[in-house]
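Dropping model.cif in here (mmCIF, C-alpha atoms):
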```cif
data_protein
#
loop_
_atom_site.label_atom_id
_atom_site.label_comp_id
_atom_site.auth_asym_id
_atom_site.auth_seq_id
_atom_site.Cartn_x
_atom_site.Cartn_y
_atom_site.Cartn_z
CA MET Z 439 105.81 113.46 105.75
CA ALA Z 440 105.27 109.96 104.43
CA GLN Z 441 105.27 109.22 100.72
CA ARG Z 442 102.42 106.89 99.84
CA GLY Z 443 101.93 105.27 96.47
CA ILE Z 444 98.45 105.45 94.98
CA ARG Z 445 96.79 103.46 92.25
CA GLU Z 446 96.99 104.68 88.67
CA TYR Z 447 93.20 104.86 88.68
CA ASP Z 448 93.14 107.17 91.70
CA GLY Z 449 95.89 109.35 90.26
CA LYS Z 450 94.03 109.87 87.01
CA ARG Z 451 90.75 110.38 88.88
CA ILE Z 452 92.30 113.11 91.04
CA ILE Z 453 93.73 114.79 87.95
CA ALA Z 454 90.37 114.63 86.18
CA GLN Z 455 88.46 116.01 89.18
CA ASN Z 456 90.75 119.04 89.36
CA TRP Z 457 91.47 119.42 85.65
CA LYS Z 458 89.52 122.59 85.00
CA ASP Z 459 91.19 124.41 87.90
CA TYR Z 460 94.61 124.01 86.30
CA PHE Z 461 94.09 123.47 82.59
CA GLY Z 462 90.87 125.35 81.92
CA ASP Z 463 90.09 125.03 78.22
CA ALA Z 464 93.73 124.99 77.15
CA PHE Z 465 93.77 121.19 77.21
CA GLU Z 466 91.01 118.60 77.20
CA TYR Z 467 91.25 115.37 79.19
CA ASP Z 468 88.47 112.86 78.55
CA PHE Z 469 88.82 110.69 81.64
CA LYS Z 470 87.53 107.19 81.00
CA SER Z 471 88.86 104.56 83.36
CA VAL Z 472 87.37 101.65 85.30
CA LEU Z 473 88.95 99.93 88.30
CA VAL Z 474 88.21 96.21 88.38
CA THR Z 475 88.52 94.12 91.56
CA PRO Z 476 87.48 90.56 92.52
CA GLN Z 477 84.20 92.08 93.78
CA THR Z 478 83.34 93.76 90.46
CA ASP Z 479 80.01 92.82 88.85
CA PHE Z 480 81.11 92.41 85.24
CA GLU Z 481 77.55 92.28 83.93
CA LYS Z 482 76.54 95.62 85.47
CA LEU Z 483 79.78 97.44 84.65
CA PRO Z 484 78.80 98.35 81.04
CA GLU Z 485 75.53 99.82 82.33
CA GLU Z 486 77.55 102.33 84.39
CA HIS Z 487 80.14 102.86 81.63
CA PRO Z 488 78.52 102.32 78.20
CA TRP Z 489 81.80 103.12 76.37
CA LEU Z 490 83.11 99.72 77.48
CA LYS Z 491 80.93 98.11 74.80
CA THR Z 492 81.65 100.58 72.00
CA THR Z 493 85.35 101.41 72.33
CA PRO Z 494 88.52 99.39 71.67
CA LEU Z 495 90.07 98.76 75.08
CA VAL Z 496 93.30 98.38 77.05
CA ALA Z 497 93.53 96.31 80.25
CA LYS Z 498 96.40 96.21 82.76
CA PRO Z 499 97.05 95.54 86.46
CA ASP Z 500 96.88 98.50 88.86
CA MET Z 501 98.95 97.32 91.84
CA LEU Z 502 101.84 99.75 92.33
CA PHE Z 503 104.44 98.05 90.14
CA GLY Z 504 105.88 99.22 86.85
CA LYS Z 505 107.16 97.79 83.57
CA ARG Z 506 103.82 96.11 82.97
CA GLY Z 507 104.33 96.20 79.21
CA LYS Z 508 107.70 94.47 79.41
CA LEU Z 509 106.19 91.90 81.78
CA GLY Z 510 103.51 91.06 79.23
CA LEU Z 511 100.79 92.39 81.51
CA VAL Z 512 99.13 94.90 79.20
CA LEU Z 513 96.33 93.73 76.91
CA PHE Z 514 95.90 96.19 74.06
CA LYS Z 515 95.67 94.17 70.87
CA ILE Z 516 94.92 90.68 69.61
CA ASN Z 517 95.16 90.63 65.83
CA LYS Z 518 95.44 94.33 65.10
CA PRO Z 519 95.85 97.39 67.33
CA GLY Z 520 92.77 98.38 69.24
CA ASP Z 521 90.50 95.42 68.70
CA VAL Z 522 90.20 94.32 72.34
CA THR Z 523 86.51 94.08 73.23
CA TYR Z 524 84.96 94.21 76.68
CA GLU Z 525 84.50 90.44 76.57
CA ASP Z 526 88.19 90.00 75.65
CA ALA Z 527 89.28 92.24 78.51
CA ILE Z 528 87.15 90.46 81.12
CA LYS Z 529 88.30 87.03 79.95
CA TRP Z 530 91.93 88.13 80.19
CA ILE Z 531 91.47 89.74 83.62
CA LYS Z 532 89.76 86.67 85.06
CA GLN Z 533 92.57 84.50 83.74
CA LYS Z 534 95.24 86.74 85.24
CA MET Z 535 93.44 86.82 88.59
CA GLU Z 536 93.64 83.03 88.78
CA GLU Z 537 97.32 82.79 87.89
CA GLU Z 538 100.16 83.23 90.36
CA VAL Z 539 102.70 85.67 88.95
CA GLU Z 540 106.19 86.71 90.03
CA ILE Z 541 107.09 90.42 90.02
CA ASN Z 542 110.63 91.41 91.00
CA GLY Z 543 111.10 88.15 92.85
CA VAL Z 544 107.78 88.41 94.72
CA LYS Z 545 105.03 85.91 94.01
CA GLY Z 546 101.34 86.71 94.36
CA HIS Z 547 98.01 87.17 92.64
CA LEU Z 548 96.80 90.14 90.65
CA THR Z 549 93.60 91.55 92.12
CA HIS Z 550 93.15 95.08 90.73
CA PHE Z 551 93.02 96.02 87.06
CA LEU Z 552 92.32 99.06 84.91
CA ILE Z 553 90.22 99.06 81.77
CA GLU Z 554 90.56 102.13 79.54
CA PRO Z 555 89.96 103.13 75.91
CA PHE Z 556 92.73 102.27 73.47
CA VAL Z 557 94.35 105.42 72.09
CA PRO Z 558 95.87 104.97 68.60
CA HIS Z 559 99.10 106.93 68.26
CA LYS Z 560 102.60 106.79 66.82
CA PRO Z 561 105.72 106.03 68.89
CA GLU Z 562 107.16 109.44 68.05
CA GLU Z 563 104.12 111.05 69.73
CA GLU Z 564 104.98 109.51 73.12
CA TYR Z 565 106.38 112.15 75.47
CA TYR Z 566 107.60 111.77 79.03
CA LEU Z 567 106.87 114.04 81.98
CA ALA Z 568 107.55 113.61 85.69
CA PHE Z 569 107.97 115.67 88.85
CA SER Z 570 109.74 114.64 92.03
CA MET Z 571 109.80 116.56 95.31
CA GLY Z 572 113.10 116.76 97.18
CA ASP Z 573 114.32 118.37 100.40
CA ASP Z 574 116.11 121.23 98.64
CA TYR Z 575 114.32 121.45 95.29
CA ASP Z 576 111.78 119.83 93.01
CA THR Z 577 112.97 118.05 89.87
CA VAL Z 578 111.15 118.25 86.54
CA TYR Z 579 111.86 115.47 84.03
CA MET Z 580 111.01 116.08 80.35
CA SER Z 581 111.63 114.02 77.23
CA ALA Z 582 110.44 113.49 73.67
CA PHE Z 583 111.29 109.79 74.03
CA GLY Z 584 108.61 108.45 76.36
CA GLY Z 585 106.97 105.07 76.43
CA ILE Z 586 108.14 101.60 77.32
CA ASP Z 587 111.82 102.29 76.58
CA VAL Z 588 112.18 105.57 78.49
CA GLU Z 589 114.84 104.10 80.79
CA GLU Z 590 116.95 103.01 77.84
CA ASN Z 591 116.71 106.60 76.57
CA TRP Z 592 117.33 108.28 79.93
CA ASP Z 593 120.27 110.20 78.51
CA LYS Z 594 117.71 112.14 76.47
CA VAL Z 595 115.68 113.16 79.53
CA VAL Z 596 116.13 116.79 80.60
CA GLU Z 597 116.29 117.20 84.39
CA LEU Z 598 115.40 120.65 85.69
CA LYS Z 599 115.85 121.68 89.35
CA ILE Z 600 113.31 124.17 90.71
CA PRO Z 601 114.08 125.78 94.09
CA PRO Z 602 111.21 126.16 96.58
CA THR Z 603 111.59 129.96 96.51
CA ALA Z 604 111.04 130.24 92.75
CA SER Z 605 108.16 132.53 91.73
CA ASP Z 606 105.52 131.50 89.19
CA GLU Z 607 107.27 133.68 86.62
CA GLU Z 608 110.64 132.05 87.31
CA ILE Z 609 109.14 128.57 87.11
CA GLU Z 610 107.50 129.36 83.78
CA ARG Z 611 110.74 130.78 82.40
CA LEU Z 612 112.85 127.82 83.57
CA ILE Z 613 110.48 125.26 82.08
CA LYS Z 614 110.22 127.06 78.73
CA GLN Z 615 113.99 127.39 78.51
CA ASN Z 616 114.56 123.69 79.16
CA VAL Z 617 111.98 121.99 76.95
CA PRO Z 618 113.90 119.27 75.05
CA LYS Z 619 114.88 120.31 71.55
CA GLU Z 620 113.27 117.16 70.10
CA ILE Z 621 109.76 118.23 71.20
CA LYS Z 622 107.91 119.34 68.07
CA ASP Z 623 105.49 121.85 69.57
CA LYS Z 624 107.61 123.27 72.38
CA GLU Z 625 105.14 126.00 73.33
CA LYS Z 626 102.25 123.59 73.81
CA TYR Z 627 104.36 121.07 75.69
CA ALA Z 628 105.77 123.79 77.97
CA ASP Z 629 102.28 125.08 78.70
CA PHE Z 630 101.17 121.57 79.69
CA VAL Z 631 104.23 121.09 81.93
CA ILE Z 632 103.74 124.45 83.69
CA ARG Z 633 100.09 123.71 84.46
CA SER Z 634 100.87 120.14 85.54
CA TYR Z 635 103.64 121.30 87.88
CA LYS Z 636 101.26 123.70 89.64
CA MET Z 637 98.80 120.83 90.11
CA PHE Z 638 101.62 118.64 91.41
CA ARG Z 639 102.47 121.18 94.11
CA ASP Z 640 98.95 122.26 95.04
CA LEU Z 641 97.63 118.71 95.38
CA HIS Z 642 100.61 117.64 97.52
CA PHE Z 643 102.01 115.01 95.22
CA VAL Z 644 105.58 114.01 95.99
CA TYR Z 645 105.94 112.07 92.73
CA PHE Z 646 103.97 112.51 89.53
CA GLU Z 647 104.79 110.69 86.28
CA ILE Z 648 102.96 110.53 82.95
CA ASN Z 649 104.51 108.01 80.58
CA PRO Z 650 103.64 108.17 77.85
CA LEU Z 651 101.98 111.53 77.46
CA VAL Z 652 100.33 112.05 74.07
CA LEU Z 653 99.24 115.54 72.98
CA VAL Z 654 97.02 115.78 69.91
CA GLY Z 655 95.71 119.27 69.24
CA ASN Z 656 94.34 120.45 72.58
CA LYS Z 657 93.63 116.88 73.75
CA ALA Z 658 95.85 115.28 76.35
CA TYR Z 659 96.09 111.51 76.76
CA LEU Z 660 97.63 110.24 79.98
CA LEU Z 661 98.31 106.68 78.88
CA ASP Z 662 100.16 105.64 82.06
CA PHE Z 663 100.40 107.41 85.39
CA VAL Z 664 102.44 106.82 88.56
CA GLY Z 665 101.80 108.91 91.64
CA LYS Z 666 102.77 109.28 95.28
CA VAL Z 667 101.30 111.79 97.71
CA ASP Z 668 102.25 113.22 101.09
CA ASP Z 669 99.74 111.38 103.27
CA THR Z 670 100.06 113.93 106.08
CA ALA Z 671 98.54 116.54 103.73
CA GLY Z 672 95.15 114.86 103.77
CA PHE Z 673 93.63 117.58 105.93
CA VAL Z 674 94.71 120.15 103.32
CA ALA Z 675 94.16 118.31 100.05
CA GLY Z 676 91.63 115.68 101.14
CA LYS Z 677 88.69 117.34 99.39
CA LYS Z 678 90.64 117.55 96.14
CA TRP Z 679 91.82 113.94 96.47
CA GLY Z 680 88.40 112.53 97.24
CA GLU Z 681 88.22 109.06 98.79
CA LEU Z 682 91.78 107.80 98.50
CA GLU Z 683 93.12 104.36 99.32
CA PHE Z 684 96.77 103.69 100.12
CA PRO Z 685 97.22 100.08 99.00
CA SER Z 686 100.05 97.80 100.07
CA GLY Z 687 102.56 96.65 97.51
CA PHE Z 688 102.07 93.66 95.23
CA GLY Z 689 102.28 90.25 96.83
CA ARG Z 690 101.89 91.47 100.36
CA ASP Z 691 98.66 91.70 102.33
CA LEU Z 692 98.63 93.77 105.49
CA THR Z 693 98.65 91.85 108.76
CA PRO Z 694 95.92 92.67 111.31
CA GLU Z 695 98.48 94.67 113.30
CA GLU Z 696 99.60 96.64 110.25
CA LYS Z 697 95.97 97.34 109.37
CA TYR Z 698 95.32 98.62 112.89
CA ILE Z 699 98.27 101.03 112.76
CA LYS Z 700 97.24 102.11 109.28
CA GLU Z 701 93.77 102.96 110.60
CA LEU Z 702 95.29 104.90 113.51
CA ASP Z 703 97.51 106.78 111.08
CA GLU Z 704 94.61 107.73 108.83
CA LYS Z 705 92.76 109.28 111.78
CA SER Z 706 95.79 111.13 113.12
CA GLY Z 707 97.64 114.26 112.16
CA SER Z 708 100.82 112.45 113.19
CA SER Z 709 102.61 109.73 111.26
CA LEU Z 710 102.24 106.14 112.49
CA LYS Z 711 103.72 103.42 110.28
CA LEU Z 712 104.39 99.73 110.89
CA THR Z 713 105.68 96.98 108.62
CA ILE Z 714 106.33 93.49 109.97
CA LEU Z 715 109.48 92.08 108.37
CA ASN Z 716 110.15 88.98 110.46
CA PRO Z 717 107.87 88.27 113.44
CA GLU Z 718 110.41 85.70 114.71
CA GLY Z 719 113.25 88.24 114.70
CA ARG Z 720 115.11 89.33 117.84
CA ILE Z 721 115.55 93.03 117.01
CA TRP Z 722 112.48 95.27 117.32
CA THR Z 723 112.37 99.03 116.90
CA LEU Z 724 110.30 101.97 118.12
CA VAL Z 725 111.73 104.81 116.07
CA ALA Z 726 110.59 108.42 116.02
CA GLY Z 727 110.86 109.91 112.53
CA GLY Z 728 110.72 108.56 108.99
CA GLY Z 729 114.33 109.45 108.23
CA ALA Z 730 115.54 107.96 111.49
CA SER Z 731 113.66 104.72 110.82
CA VAL Z 732 115.64 104.30 107.59
CA VAL Z 733 118.93 105.03 109.37
CA TYR Z 734 118.21 102.53 112.15
CA ALA Z 735 117.20 99.78 109.72
CA ASP Z 736 120.27 100.44 107.56
CA THR Z 737 122.55 100.30 110.60
CA VAL Z 738 121.13 96.94 111.66
CA ALA Z 739 121.63 95.67 108.12
CA ASP Z 740 125.16 97.11 107.88
CA MET Z 741 126.11 95.21 111.02
CA GLY Z 742 125.00 91.97 109.38
CA TYR Z 743 121.80 91.36 111.34
CA VAL Z 744 119.16 92.16 108.74
CA ASN Z 745 117.63 88.69 109.12
CA GLU Z 746 117.00 89.43 112.80
CA LEU Z 747 115.21 92.73 112.14
CA ALA Z 748 111.58 92.11 113.06
CA ASN Z 749 109.86 95.35 112.06
CA TYR Z 750 110.18 98.68 110.32
CA GLY Z 751 108.18 101.82 111.03
CA GLU Z 752 107.92 105.14 112.77
CA TYR Z 753 105.91 107.26 115.16
CA SER Z 754 106.42 110.96 114.51
CA GLY Z 755 104.71 114.32 114.11
CA ASN Z 756 104.08 114.73 117.86
CA PRO Z 757 101.61 111.87 118.38
CA THR Z 758 99.40 111.99 121.46
CA ARG Z 759 100.04 109.87 124.53
CA THR Z 760 97.13 107.62 123.54
CA GLU Z 761 98.35 107.20 119.96
CA THR Z 762 101.86 106.36 121.16
CA ARG Z 763 100.52 103.87 123.70
CA GLU Z 764 98.44 102.05 121.06
CA TYR Z 765 101.37 101.97 118.65
CA VAL Z 766 103.76 100.58 121.27
CA LYS Z 767 101.22 98.07 122.56
CA THR Z 768 100.87 96.70 119.02
CA VAL Z 769 104.64 96.21 118.74
CA LEU Z 770 104.92 94.68 122.22
CA ASP Z 771 102.05 92.31 121.55
CA LEU Z 772 103.89 90.96 118.52
CA MET Z 773 107.21 90.91 120.33
CA THR Z 774 106.01 88.97 123.39
CA ARG Z 775 104.11 86.15 121.69
CA SER Z 776 107.01 83.74 122.05
CA LYS Z 777 110.60 83.50 123.24
CA HIS Z 778 113.33 83.56 120.66
CA PRO Z 779 114.37 80.01 119.62
CA SER Z 780 118.00 80.79 120.53
CA GLY Z 781 117.00 81.43 124.13
CA LYS Z 782 118.62 84.87 123.97
CA PRO Z 783 116.69 87.96 125.07
CA LYS Z 784 115.01 90.07 122.42
CA ILE Z 785 116.19 93.63 121.84
CA LEU Z 786 113.93 96.68 121.78
CA LEU Z 787 115.54 99.80 120.29
CA ILE Z 788 113.78 103.04 121.17
CA GLY Z 789 115.39 105.87 119.27
CA GLY Z 790 115.32 108.70 116.82
CA ALA Z 791 117.11 111.87 115.90
CA ILE Z 792 116.77 115.06 117.96
CA ALA Z 793 113.12 116.07 117.70
CA ASN Z 794 112.16 119.58 116.64
CA PHE Z 795 108.67 119.79 118.11
CA THR Z 796 107.66 116.32 119.31
CA ASP Z 797 107.34 116.35 123.10
CA VAL Z 798 109.61 113.46 124.08
CA ALA Z 799 108.26 113.26 127.64
CA LYS Z 800 104.67 113.00 126.38
CA THR Z 801 105.39 110.24 123.90
CA PHE Z 802 107.47 108.41 126.53
CA ASP Z 803 104.43 108.53 128.83
CA GLY Z 804 102.63 106.55 126.14
CA ILE Z 805 105.50 104.06 125.92
CA ILE Z 806 105.51 103.67 129.72
CA ASP Z 807 101.76 103.02 129.71
CA ALA Z 808 102.35 100.16 127.24
CA PHE Z 809 105.27 98.83 129.32
CA LYS Z 810 103.05 98.62 132.39
CA GLU Z 811 100.47 96.61 130.48
CA TYR Z 812 102.99 94.20 128.94
CA ALA Z 813 105.65 94.08 131.68
CA GLU Z 814 104.93 90.51 132.77
CA LYS Z 815 105.05 89.18 129.20
CA MET Z 816 108.21 91.19 128.51
CA ARG Z 817 109.92 89.62 131.53
CA GLN Z 818 108.79 86.12 130.53
CA VAL Z 819 110.04 86.43 126.96
CA GLY Z 820 113.20 88.28 127.97
CA ILE Z 821 113.57 91.76 126.53
CA ARG Z 822 116.45 94.21 126.86
CA ILE Z 823 115.62 97.86 126.14
CA TYR Z 824 118.01 100.41 124.65
CA VAL Z 825 116.93 104.05 124.46
CA ARG Z 826 118.51 107.03 122.71
CA ARG Z 827 116.47 110.20 122.32
CA GLY Z 828 116.77 113.97 122.17
CA GLY Z 829 114.41 116.88 121.71
CA PRO Z 830 111.91 118.90 123.76
CA ASN Z 831 111.68 117.60 127.34
CA TYR Z 832 114.01 114.69 126.56
CA GLU Z 833 115.67 114.81 130.01
CA VAL Z 834 112.29 114.39 131.71
CA GLY Z 835 111.33 111.63 129.30
CA LEU Z 836 114.55 109.68 129.72
CA LYS Z 837 114.33 109.90 133.52
CA LYS Z 838 110.72 108.69 133.48
CA ILE Z 839 111.29 105.74 131.19
CA LYS Z 840 114.39 104.58 133.06
CA GLN Z 841 112.63 104.76 136.42
CA ALA Z 842 109.51 103.01 135.11
CA ALA Z 843 111.44 100.18 133.46
CA GLU Z 844 113.54 99.57 136.55
CA GLU Z 845 110.43 99.48 138.77
CA LEU Z 846 108.87 96.97 136.35
CA GLY Z 847 111.99 94.78 136.38
CA LEU Z 848 112.84 95.46 132.72
CA PRO Z 849 116.56 95.73 131.80
CA ILE Z 850 117.15 99.14 130.22
CA GLU Z 851 119.96 101.44 129.11
CA VAL Z 852 119.12 105.10 128.50
CA TYR Z 853 121.06 107.76 126.60
CA GLY Z 854 120.45 111.27 125.37
CA PRO Z 855 121.86 113.14 122.35
CA GLU Z 856 125.39 112.81 123.76
CA LEU Z 857 125.34 109.35 122.12
CA HIS Z 858 125.32 109.33 118.33
CA MET Z 859 121.98 108.22 116.88
CA THR Z 860 123.26 104.93 115.43
CA ASP Z 861 125.66 104.14 118.28
CA ILE Z 862 122.72 102.84 120.32
CA VAL Z 863 122.19 100.19 117.65
CA ARG Z 864 125.84 99.22 117.64
CA LYS Z 865 125.95 99.18 121.42
CA ALA Z 866 122.92 96.90 121.70
CA LEU Z 867 124.06 94.44 119.03
CA GLU Z 868 127.68 94.28 120.16
CA GLU Z 869 126.66 93.70 123.78
CA GLU Z 870 124.14 91.05 122.91
CA LYS Z 871 126.34 89.39 120.26
CA VAL Z 872 123.36 88.56 118.09
CA ALA Z 873 123.99 85.35 116.16
#
```
Represent the structure from my file as structure tokens, please.
Amino acid sequence: MAQRGIREYDGKRIIAQNWKDYFGDAFEYDFKSVLVTPQTDFEKLPEEHPWLKTTPLVAKPDMLFGKRGKLGLVLFKINKPGDVTYEDAIKWIKQKMEEEVEINGVKGHLTHFLIEPFVPHKPEEEYYLAFSMGDDYDTVYMSAFGGIDVEENWDKVVELKIPPTASDEEIERLIKQNVPKEIKDKEKYADFVIRSYKMFRDLHFVYFEINPLVLVGNKAYLLDFVGKVDDTAGFVAGKKWGELEFPSGFGRDLTPEEKYIKELDEKSGSSLKLTILNPEGRIWTLVAGGGASVVYADTVADMGYVNELANYGEYSGNPTRTETREYVKTVLDLMTRSKHPSGKPKILLIGGAIANFTDVAKTFDGIIDAFKEYAEKMRQVGIRIYVRRGGPNYEVGLKKIKQAAEELGLPIEVYGPELHMTDIVRKALEEEKVA
């Protein structure tokens, strides 16, 4: 499973498209939201959404970063609350698109914005609701103190753990019993939480946050939304999601290689991820498993070589030989474009935990195919290969990759699960004495 952030617009759109299935007539959600990009025709937009010309508006960036209000990046009033017109919003958006901004130390340009109706309400009407999926349980977060200062009031947030084996009746009982005492209409709030949690699970969200949530009568206003989904669930929930984009984070455009792997991933039932951290780095990884990729990267960093780490990513979920070959070829192409300035050989770490169902021999066939295609370049640049792998057919896979590398004149060390997962990293870096 890979957690992928989605735009606020897409999150609200998905909720709106599936609203009736989960909320029926108990709550009403009047979804009005427009996503604005540099390609948007501002003159035609009001023709498609007439409310833009008749409703006080709010405008804000939609680029996977939070605290927009505290950053001064929410336009919702000029002289008095709610008097932002369509012309005001467009003028502000165009201005923000031209400016370079810095978010959490990252500089870049804002390209995607939301325009929505302004919803007049009182601060005491701002609730907080979030769900987070964990390995052992889901967590429900509830509070009567939502809005821009929710973090400062985190001690007033109720955290409820729900085990995966809980029945619908148990879930309903747990939520009702734990509604914060400060919530005025506890029954209505609990009903909304119960229905939202079912949507969260059925639509394969891994994170789901409404802040603030405003409930007036039977009307629900989702003023801000943050969502992440399990991207491997697309074949199950794809119809309910609709066309869904997984954008990169603010300030970072995907490289051609990252885009290629992203396209492969979207067409595959496996998980293929690649992020280029430092194309001039000496240490490159081919890691099987999302959890293992984190462990390997952390180990490199813990040993003091984070500046030499060239990439981060994973291939997992039993990818085909072809998918593995294309993934590895992409990494090797980047790795063999130039020698390292120090003159030292580059390091390729091929590792992972002990696979449950991924056929190690099959994926290693894909790696070997890529080695054969890039062997000459790998020898010219100077690459030392360190392998640690376990799982189905790992003995066959390790034997094949060692034999192939030796025949191709590529220095290689191969280990099975007898070597601890991170010891291969330590072994490679200590032997090479990376500067």
Just the residues within 8 Å of stretch 572-588 of chain Z, please, counting only C-alpha atoms, with nothing from its chain fewer than 6 positions along; format it as a ChimeraX atom specification. /Z:505,507-508,561-566,594-602,617-618,620-621,649-651
What does the PyMOL selection byres ((chain Z and resi 824-836) around 8) select in this file, as a ChimeraX atom specification? /Z:785-800,802-803,822-823,837-840,850-855,857,859,862,866
Keeping only C-alpha atoms, write those residues as a tab-separated table (two decimals), in the coordinates of the input.
```tsv
chain	number	residue	atom	x	y	z
Z	785	ILE	CA	116.19	93.63	121.84
Z	786	LEU	CA	113.93	96.68	121.78
Z	787	LEU	CA	115.54	99.80	120.29
Z	788	ILE	CA	113.78	103.04	121.17
Z	789	GLY	CA	115.39	105.87	119.27
Z	790	GLY	CA	115.32	108.70	116.82
Z	791	ALA	CA	117.11	111.87	115.90
Z	792	ILE	CA	116.77	115.06	117.96
Z	793	ALA	CA	113.12	116.07	117.70
Z	794	ASN	CA	112.16	119.58	116.64
Z	795	PHE	CA	108.67	119.79	118.11
Z	796	THR	CA	107.66	116.32	119.31
Z	797	ASP	CA	107.34	116.35	123.10
Z	798	VAL	CA	109.61	113.46	124.08
Z	799	ALA	CA	108.26	113.26	127.64
Z	800	LYS	CA	104.67	113.00	126.38
Z	802	PHE	CA	107.47	108.41	126.53
Z	803	ASP	CA	104.43	108.53	128.83
Z	822	ARG	CA	116.45	94.21	126.86
Z	823	ILE	CA	115.62	97.86	126.14
Z	837	LYS	CA	114.33	109.90	133.52
Z	838	LYS	CA	110.72	108.69	133.48
Z	839	ILE	CA	111.29	105.74	131.19
Z	840	LYS	CA	114.39	104.58	133.06
Z	850	ILE	CA	117.15	99.14	130.22
Z	851	GLU	CA	119.96	101.44	129.11
Z	852	VAL	CA	119.12	105.10	128.50
Z	853	TYR	CA	121.06	107.76	126.60
Z	854	GLY	CA	120.45	111.27	125.37
Z	855	PRO	CA	121.86	113.14	122.35
Z	857	LEU	CA	125.34	109.35	122.12
Z	859	MET	CA	121.98	108.22	116.88
Z	862	ILE	CA	122.72	102.84	120.32
Z	866	ALA	CA	122.92	96.90	121.70
```
Counting all atoms listed in the file, what is within 9 Å of stretch 761-774 of chain Z, bar same-chain residues fewer than 4 positions away, as a PDB file with C-alpha atoms, in the coordinates of the input?
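Generated output (selection_27.pdb):
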```pdb
ATOM      1  CA  GLU Z 695      98.480  94.670 113.300  1.00  0.00           C
ATOM      2  CA  GLU Z 696      99.600  96.640 110.250  1.00  0.00           C
ATOM      3  CA  TYR Z 698      95.320  98.620 112.890  1.00  0.00           C
ATOM      4  CA  ILE Z 699      98.270 101.030 112.760  1.00  0.00           C
ATOM      5  CA  LEU Z 702      95.290 104.900 113.510  1.00  0.00           C
ATOM      6  CA  ASP Z 703      97.510 106.780 111.080  1.00  0.00           C
ATOM      7  CA  SER Z 706      95.790 111.130 113.120  1.00  0.00           C
ATOM      8  CA  SER Z 708     100.820 112.450 113.190  1.00  0.00           C
ATOM      9  CA  LEU Z 710     102.240 106.140 112.490  1.00  0.00           C
ATOM     10  CA  LYS Z 711     103.720 103.420 110.280  1.00  0.00           C
ATOM     11  CA  LEU Z 712     104.390  99.730 110.890  1.00  0.00           C
ATOM     12  CA  PRO Z 717     107.870  88.270 113.440  1.00  0.00           C
ATOM     13  CA  GLU Z 718     110.410  85.700 114.710  1.00  0.00           C
ATOM     14  CA  GLY Z 719     113.250  88.240 114.700  1.00  0.00           C
ATOM     15  CA  ARG Z 720     115.110  89.330 117.840  1.00  0.00           C
ATOM     16  CA  TRP Z 722     112.480  95.270 117.320  1.00  0.00           C
ATOM     17  CA  THR Z 723     112.370  99.030 116.900  1.00  0.00           C
ATOM     18  CA  LEU Z 724     110.300 101.970 118.120  1.00  0.00           C
ATOM     19  CA  ALA Z 748     111.580  92.110 113.060  1.00  0.00           C
ATOM     20  CA  ASN Z 749     109.860  95.350 112.060  1.00  0.00           C
ATOM     21  CA  TYR Z 753     105.910 107.260 115.160  1.00  0.00           C
ATOM     22  CA  PRO Z 757     101.610 111.870 118.380  1.00  0.00           C
ATOM     23  CA  LYS Z 784     115.010  90.070 122.420  1.00  0.00           C
ATOM     24  CA  LEU Z 786     113.930  96.680 121.780  1.00  0.00           C
ATOM     25  CA  LYS Z 800     104.670 113.000 126.380  1.00  0.00           C
ATOM     26  CA  THR Z 801     105.390 110.240 123.900  1.00  0.00           C
ATOM     27  CA  PHE Z 802     107.470 108.410 126.530  1.00  0.00           C
ATOM     28  CA  ASP Z 803     104.430 108.530 128.830  1.00  0.00           C
ATOM     29  CA  GLY Z 804     102.630 106.550 126.140  1.00  0.00           C
ATOM     30  CA  ILE Z 805     105.500 104.060 125.920  1.00  0.00           C
ATOM     31  CA  ILE Z 806     105.510 103.670 129.720  1.00  0.00           C
ATOM     32  CA  ASP Z 807     101.760 103.020 129.710  1.00  0.00           C
ATOM     33  CA  ALA Z 808     102.350 100.160 127.240  1.00  0.00           C
ATOM     34  CA  PHE Z 809     105.270  98.830 129.320  1.00  0.00           C
ATOM     35  CA  GLU Z 811     100.470  96.610 130.480  1.00  0.00           C
ATOM     36  CA  TYR Z 812     102.990  94.200 128.940  1.00  0.00           C
ATOM     37  CA  LYS Z 815     105.050  89.180 129.200  1.00  0.00           C
ATOM     38  CA  MET Z 816     108.210  91.190 128.510  1.00  0.00           C
ATOM     39  CA  GLN Z 818     108.790  86.120 130.530  1.00  0.00           C
ATOM     40  CA  VAL Z 819     110.040  86.430 126.960  1.00  0.00           C
ATOM     41  CA  GLY Z 820     113.200  88.280 127.970  1.00  0.00           C
ATOM     42  CA  ILE Z 821     113.570  91.760 126.530  1.00  0.00           C
TER      43      ILE Z 821
END
```
Can you translate the PyMOL selection byres ((chain Z and resi 473-487) around 12) into the concrete residues it hits in this file, as a VMD selection string? chain Z and resid 445 to 451 469 to 472 488 to 493 497 to 501 523 to 525 527 to 529 531 to 536 547 to 555
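Among the candidate residues Z:Ser570, Z:Asn745, Z:Thr760, Z:Asn456, the one lying nearest to Z:Asp668 is Z:Ser570, with distances computed using only C-alpha atoms.
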Please return as a ChimeraX atom specification every residue within 7 Å of (101.5, 108.4, 98.1), taking into account all atoms listed in the file and the file's own coordinates. /Z:441-444,665-669,684
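Across the structure, atom CA of Z:Phe569 and atom CA of Z:Arg506 are spaced 20.8 Å apart.
Pairwise distance (atom CA of Z:Ser776, atom CA of Z:Glu844) equals 22.4 Å.
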If we count only C-alpha atoms and set the cut-off at 12 Å, which residues sit around Z:Val733, ignoring sequence neighbours fewer than 3 positions away in its own chain? Please answer as a PyMOL selection string. chain Z and resi 723+725-730+736-740+750-752+789-791+858-863
